[in-house]
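The block underneath contains the structure these notes are about, expressed in structure tokens.
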Amino acid sequence: MSESSARPTQGRLLVLAGIVLLAFNLRPAAVSVGPVLEEVTEGLSMSHSVAGLLTSLPVLAFAAFGAASPWAARRFGVHRVTAFSLAAVVVGLAARAAVGTTWAFLVLSMVALAGMAAANVLLPSLVKLHFPTRVGAVTAAYTTALAIGLTAALTLTVPVAEAFGSWRAGLGVWAVVGAVALLPWLGLLAHDRTPESAPHEVTLAQVARTRLGWAMAAFFGLQSLQAYSIFGWFPQLWRDAGFSPTVAGALVGLLGAVSIPLSLYLPAAAARRKDQRGLLAAVMACYPIGYVGLLVSPHDLAVVWAVVVGTGACTFPLILTMIGLRSRTPSGTAALSGFTQSAGYLLAAVGPFAVGALYDATGGWTVPLWFLLLLCVPQFLVGLYAARPVYVEDELAR
């Protein structure tokens, strides 16, 4: 894959456009259900427990399919695998909007989420491969696109559904957007090739033998547990607090929108630092502040807590940046990304399902919020450990 460094500027711009458009489409598959979860639940006769499983599917998909992405990229070519992954997102999103049974909806959601998982794992290695000296800047660009796509899915799904009189339209529109994002990757297929294995290539099994690999996986898992619980269930939390579906969706959209300007700043700021612990601690502290605020005043100060929790969720672009900063080579980045996200999402899968089960059992949000609040402690500790200035290749060498 080293031939990318010799490509003309036009080819690099095509790759950059492909990365940004891909990133924009990697969150609607996961979060667009949240704003219309009640309508989907009623329309498909789901229980709250099955709805909890639905909100857990993104993390299950990452755990199941993310680990295979680095191997598939080495075997078939990174651009081919990325294009195939995005095609799976488009097909899954379009088909699930048309089915009428719960299990068909779940299966097709998994198809879309599997594509999302594979592409998400490959993004840090694509940045390291094509832009090795601009990891912070390009990561800032694509994490901002992630944030915009997230915000768009959270804020526009309900209005589109209401405009067309069906939650199916609100979910299906994201397949059209994904199809547009596929175009640059189709243009890159002719330039892809199956790379030859190198003797120094880093594998997931090697990363699994390092302390840094496990620290990154635990940190990523705890952060993702928080994020997918928030985006899966906070629309319902604010609806239960007395807001209309549209306003509840707008509040979660505000929560996601906070990450747009911060995603432009934080990755570049992290890349300028050798040690990211201080920056990370400041962002992570917003989670417990926001949860306590929601316990005290979920309605009157909803906008304030949406902004605070949204700032805490910006731990996500930071850890994506750290994957590139904690490795020295594209191979190391791909392996660390695959292990961090696949192992991390096994842990994260507990979150949305547990929040749904606690909500179902108690009929309120006090216990689920305390659950998320207590998990901030291990997230803080393991995050600071992972943010130390060390490299996975150096740990392997030792």
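Every chain in the structure tokens has a letter given in the order shown (A, B, ...), and although residue numbers restart at 1 in each chain, ligands are simply numbered from 1 in the order shown.
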
Can you list every residue of stretch 318-353 of chain A that has an atom at most 12 Å from stretch 367-372 of chain A, with its nearest atom pair and the distance in Å to one decimal, using only C-alpha atoms, ordered by chain then number, as CSV?
```
residue,atom,partner,partner_atom,distance
A:Ala348,CA,A:Leu372,CA,11.8
A:Val350,CA,A:Leu372,CA,11.4
A:Gly351,CA,A:Leu372,CA,8.3
A:Pro352,CA,A:Pro368,CA,9.8
A:Phe353,CA,A:Pro368,CA,10.7
```

Requested write-out: N, CA and C atoms of the selected residues, as a PDB file, in the first residue's frame:
```
ATOM      1  N   ALA A 348     -18.351  -2.739  25.311  1.00  0.00           N
ATOM      2  CA  ALA A 348     -19.376  -1.714  25.110  1.00  0.00           C
ATOM      3  C   ALA A 348     -20.757  -2.297  24.870  1.00  0.00           C
ATOM      4  N   VAL A 350     -22.395  -4.305  26.433  1.00  0.00           N
ATOM      5  CA  VAL A 350     -23.170  -4.429  27.675  1.00  0.00           C
ATOM      6  C   VAL A 350     -24.017  -3.183  27.917  1.00  0.00           C
ATOM      7  N   GLY A 351     -23.502  -2.011  27.500  1.00  0.00           N
ATOM      8  CA  GLY A 351     -24.097  -0.749  27.904  1.00  0.00           C
ATOM      9  C   GLY A 351     -25.529  -0.505  27.477  1.00  0.00           C
ATOM     10  N   PRO A 352     -25.811  -0.372  26.177  1.00  0.00           N
ATOM     11  CA  PRO A 352     -27.185  -0.059  25.768  1.00  0.00           C
ATOM     12  C   PRO A 352     -28.199  -1.102  26.233  1.00  0.00           C
ATOM     13  N   PHE A 353     -27.802  -2.387  26.185  1.00  0.00           N
ATOM     14  CA  PHE A 353     -28.729  -3.426  26.642  1.00  0.00           C
ATOM     15  C   PHE A 353     -29.000  -3.300  28.134  1.00  0.00           C
TER      16      PHE A 353
END
```

Show which residues sit within 10 Å of A:Val283, as number ranges by chain. Count only C-alpha atoms, and ignore same-chain residues fewer than 6 positions away.
A: 266, 308-315, 318

Could you list, as JSON, numbers by chain, every residue within 12 Å of stretch 287-301 of chain A, counting only C-alpha atoms and ignoring same-chain residues fewer than 4 positions away?
{"A": [222, 223, 226, 227, 230, 234, 235, 236, 237, 238, 239, 240, 241, 242, 243, 244, 247, 248, 251, 255, 280, 281, 282, 283, 305, 306, 307, 308, 309, 310, 311, 312, 313, 314, 315, 364, 365, 366, 367, 368, 369, 370, 371, 372, 373, 374, 375, 376, 377, 379, 380]}

Same residues, C-alpha atoms, saved as a PDB file, in the first residue's frame:
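Just written: selection-v9.pdb:
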```
ATOM      1  CA  LEU A 222     -15.999   2.169  28.186  1.00  0.00           C
ATOM      2  CA  GLN A 223     -16.252   5.305  26.037  1.00  0.00           C
ATOM      3  CA  GLN A 226     -21.334   5.573  27.284  1.00  0.00           C
ATOM      4  CA  ALA A 227     -21.804   6.963  23.782  1.00  0.00           C
ATOM      5  CA  ILE A 230     -26.587   8.030  25.267  1.00  0.00           C
ATOM      6  CA  PHE A 234     -31.449   9.706  25.632  1.00  0.00           C
ATOM      7  CA  PRO A 235     -34.164  10.514  23.072  1.00  0.00           C
ATOM      8  CA  GLN A 236     -36.473   8.367  25.210  1.00  0.00           C
ATOM      9  CA  LEU A 237     -35.122   9.920  28.418  1.00  0.00           C
ATOM     10  CA  TRP A 238     -36.095  13.401  27.238  1.00  0.00           C
ATOM     11  CA  ARG A 239     -39.445  12.220  25.905  1.00  0.00           C
ATOM     12  CA  ASP A 240     -40.172  10.786  29.344  1.00  0.00           C
ATOM     13  CA  ALA A 241     -39.101  14.126  30.850  1.00  0.00           C
ATOM     14  CA  GLY A 242     -41.979  15.786  28.994  1.00  0.00           C
ATOM     15  CA  PHE A 243     -40.546  16.800  25.622  1.00  0.00           C
ATOM     16  CA  SER A 244     -42.137  16.027  22.264  1.00  0.00           C
ATOM     17  CA  VAL A 247     -37.699  18.379  20.695  1.00  0.00           C
ATOM     18  CA  ALA A 248     -36.199  15.252  22.264  1.00  0.00           C
ATOM     19  CA  LEU A 251     -31.779  17.819  22.222  1.00  0.00           C
ATOM     20  CA  LEU A 255     -25.610  16.771  22.137  1.00  0.00           C
ATOM     21  CA  LEU A 280      -8.288  13.863  27.939  1.00  0.00           C
ATOM     22  CA  ALA A 281      -9.026  14.366  31.641  1.00  0.00           C
ATOM     23  CA  ALA A 282     -10.694  17.728  30.976  1.00  0.00           C
ATOM     24  CA  VAL A 283     -13.011  16.227  28.368  1.00  0.00           C
ATOM     25  CA  TRP A 305     -26.771  19.020  30.192  1.00  0.00           C
ATOM     26  CA  ALA A 306     -26.963  18.189  26.492  1.00  0.00           C
ATOM     27  CA  VAL A 307     -23.996  20.499  25.890  1.00  0.00           C
ATOM     28  CA  VAL A 308     -22.031  19.121  28.849  1.00  0.00           C
ATOM     29  CA  VAL A 309     -22.629  15.446  28.008  1.00  0.00           C
ATOM     30  CA  GLY A 310     -21.903  16.197  24.344  1.00  0.00           C
ATOM     31  CA  THR A 311     -18.537  17.608  25.375  1.00  0.00           C
ATOM     32  CA  GLY A 312     -17.811  14.425  27.309  1.00  0.00           C
ATOM     33  CA  ALA A 313     -18.670  12.377  24.216  1.00  0.00           C
ATOM     34  CA  CYS A 314     -15.790  14.129  22.440  1.00  0.00           C
ATOM     35  CA  THR A 315     -13.574  11.565  24.141  1.00  0.00           C
ATOM     36  CA  GLY A 364     -37.418   5.474  35.219  1.00  0.00           C
ATOM     37  CA  TRP A 365     -33.988   6.944  34.540  1.00  0.00           C
ATOM     38  CA  THR A 366     -32.439   7.280  37.992  1.00  0.00           C
ATOM     39  CA  VAL A 367     -30.874   3.822  38.101  1.00  0.00           C
ATOM     40  CA  PRO A 368     -29.672   3.854  34.453  1.00  0.00           C
ATOM     41  CA  LEU A 369     -28.008   7.245  34.999  1.00  0.00           C
ATOM     42  CA  TRP A 370     -26.286   6.007  38.164  1.00  0.00           C
ATOM     43  CA  PHE A 371     -25.060   3.007  36.175  1.00  0.00           C
ATOM     44  CA  LEU A 372     -23.447   5.316  33.602  1.00  0.00           C
ATOM     45  CA  LEU A 373     -22.129   7.621  36.312  1.00  0.00           C
ATOM     46  CA  LEU A 374     -20.308   4.835  38.169  1.00  0.00           C
ATOM     47  CA  LEU A 375     -18.677   3.608  34.968  1.00  0.00           C
ATOM     48  CA  CYS A 376     -16.998   7.004  34.565  1.00  0.00           C
ATOM     49  CA  VAL A 377     -14.489   5.985  37.260  1.00  0.00           C
ATOM     50  CA  GLN A 379     -13.042   4.975  32.153  1.00  0.00           C
ATOM     51  CA  PHE A 380     -11.103   7.866  33.670  1.00  0.00           C
TER      52      PHE A 380
END
```

So that I can check the surroundings of stretch 116-133 of chain A, please list as a VMD selection string every protein, DNA and RNA residue that reaches within 8 Å of it, counting only C-alpha atoms and ignoring chain neighbours fewer than 3 positions away.
chain A and resid 1 to 2 4 to 5 12 15 19 22 to 23 26 to 27 29 58 61 to 62 65 to 70 78 81 to 82 85 to 86 89 112 to 113 138 to 139 320 to 321 323 to 324 329 to 331 333 to 334 337 to 338 341

If you run DSSP on the backbone, which residues of stretch 300-389 of chain A are helix (DSSP H, G or I), as a PyMOL selection string?
chain A and resi 302-312+315-325+330-348+350-362+366-374+376-386

For A:Leu13, which residue among A:Glu42, A:Ala88, A:Gly187, A:Gly77 is the nearest when counting only C-alpha atoms?
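Looking at the shortest contact to A:Leu13, the residue is A:Gly187.
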